[in-house]
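**Q** Would you mind keeping the following structure in view while I ask a few things?
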2 protein chains.
Amino acid sequence: MPSTVPVSEAVPRDVLLKAAADVMIEQQSIDISLSEIARKSGLNSALVKYYFGNKSGLLLALVLKTTGPSVAQLRELADMPISADKKIRLHIRGMISNYFRHPFLNRLLLFMLNDQDGIYAERLTEELVLPVARAQRQILEEGARTGIFKPVDPMLFYFHLSGACDALFHGGTTLKYGFAVDVLDETLKERYVEHLCSTFLSGICQAG
Amino acid sequence: MPSTVPVSEAVPRDVLLKAAADVMIEQQSIDISLSEIARKSGLNSALVKYYFGNKSGLLLALVLKTTGPSVAQLRELADMPISADKKIRLHIRGMISNYFRHPFLNRLLLFMLNDQDGIYAERLTEELVLPVARAQRQILEEGARTGIFKPVDPMLFYFHLSGACDALFHGGTTLKYGFAVDVLDETLKERYVEHLCSTFLSGICQAG
């Protein structure tokens, strides 16, 4: 099948991933069909099977592609010669910004991490959960060692921060009906980053 | 149909709700069928239509029944003659404890709040989101007035706290595969309550 596609292998793969993301954003739903992806991409849906095995494989590839650069950045951040509180600030900003850039990401991740059949668990654990948890632990331990942070349980911190970052991006009805906010725009995103940085940091920094 | 049931109207309604909750807990999924609810309850699935209209109506009734007492308690808490920081502590403990008692609640709520067709939005907004947001605002404003809290945006606080409380209870694979924890038990629940209280409060309380 790919021999009939007159472009390099890398291109249709990326075209399919971008089409899937675009359809999710358009429909405000992660529940999309192969035929919608095919229509949007202008490619045959059989290519999904060729490149990703099936739709689950495509969704997993999309999440890993969308989170991969952030995970790599966080790993570098953990080793940078700046103070631990600055690292936490940059980490929070990075997570929120990635959700903001990719409006489907939050719901897709939640769906995959809740999958009881274990289709996604292994890859997501290896490539997302563990590297993020390790980098957070390193930053928290460094902060405790340098006297900036109280001792903080890295696992509890992981759940607290993930949940806090997630909450604004569930795409749910709360923002609209509960708070009369129609659009999650750049200004609101920035206010949330500042709120989280301020609440988290004053919480885990030793008082002067 | 109800005339064939030899008990008061209140009883089969509650039996159906309890059966739905039990099936969700057994199957670790909120995606349950009317026939499973009927089998578990020993009642005819036509009673679901009679009491709740359809399955969505039953799920909504279950969420409102499960969150109602907590919402009423929070309203009373907001008016109690204790300090604002104690109120936030009790509020966090109350939210976490309710999720802990009802393992299906978190996913069910998330599902309903993400429903784009608006089946659940109006009732959930009226009976859950708005009362909780109002009580939180009252406590935060009281805390700022009495010099205990910094000024905090109540909407951002709402998302931060909801997300933080949610995260441990998604029932996902992160706890198991990411942190090798098989069971979310009482001890872990208590550690999370303490972590959240400590992080939130030291974050929003004015430094000595």
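Here, A, B, ... name the chains of the structure tokens in the order displayed, residue numbers run from 1 inside each chain, and ligands are numbered from 1 in the same displayed order.
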Counting only C-alpha atoms, collect the residues of chain A whose closest atom lies at most 8 Å from chain B, and write them out as a ChimeraX atom specification.
**A** /A:113-116,121-122,125,129-130,155-156,159-168,170-174,177-179,192,195-196,198-204,207
**Q** Tell me which protein, DNA and RNA residues are within 10 Å of Arg75 (chain A), counting only C-alpha atoms, leaving out same-chain ones fewer than 6 positions away, and put them as a PyMOL selection string.
**A** chain A and resi 69+131-132+134-136+138
**Q** What gap, in Å, lies between CA of Met95 (chain A) and CA of Asp182 (chain B)?
**A**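 Value for the CA of Met95 (chain A)-CA of Asp182 (chain B) distance: 26.7 Å.
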**Q** Please return, as a ChimeraX atom specification, all residues of region 12-45 of chain A that DSSP assigns to alpha helix (DSSP H) on the basis of the backbone.
**A** /A:12-27,34-41
**Q** Could you list, as an NGL selection string, every residue within 9 Å of Asp185 (chain A), counting only C-alpha atoms and ignoring same-chain residues fewer than 4 positions away?
**A** :A and (100 or 189-190)
**Q** One number please: CA of Val15 (chain B) to CA of Arg39 (chain B), in Å, one decimal.
**A** 11.6 Å
**Q** Using only C-alpha atoms, which residue out of A:Thr66, A:Ser35, A:Thr187, A:Asn44 lies closest to Leu17 (chain A)?
**A**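 Closest residue, counting only C-alpha atoms: A:Thr66.
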**Q** For a quick check of understanding, using only C-alpha atoms, which of B:Glu127, B:Ile96, B:Phe149, B:Lys18 has the smallest distance to Gly68 (chain B)?
**A** B:Glu127
**Q** Let me make sure I understand: among B:Gly143, B:Thr67, B:Phe104, B:Ile88, which one has the smallest atom-to-atom distance to Ala20 (chain B) if we use only C-alpha atoms?
**A**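 Nearest candidate to Ala20 (chain B) out of B:Gly143, B:Thr67, B:Phe104, B:Ile88: B:Phe104.
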**Q** Nearest to Asp85 (chain B): which of B:Gln27, B:Ile139, B:Lys150, B:Val11 is it, counting only C-alpha atoms?
**A**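 The answer is B:Ile139, which sits nearest to Asp85 (chain B).
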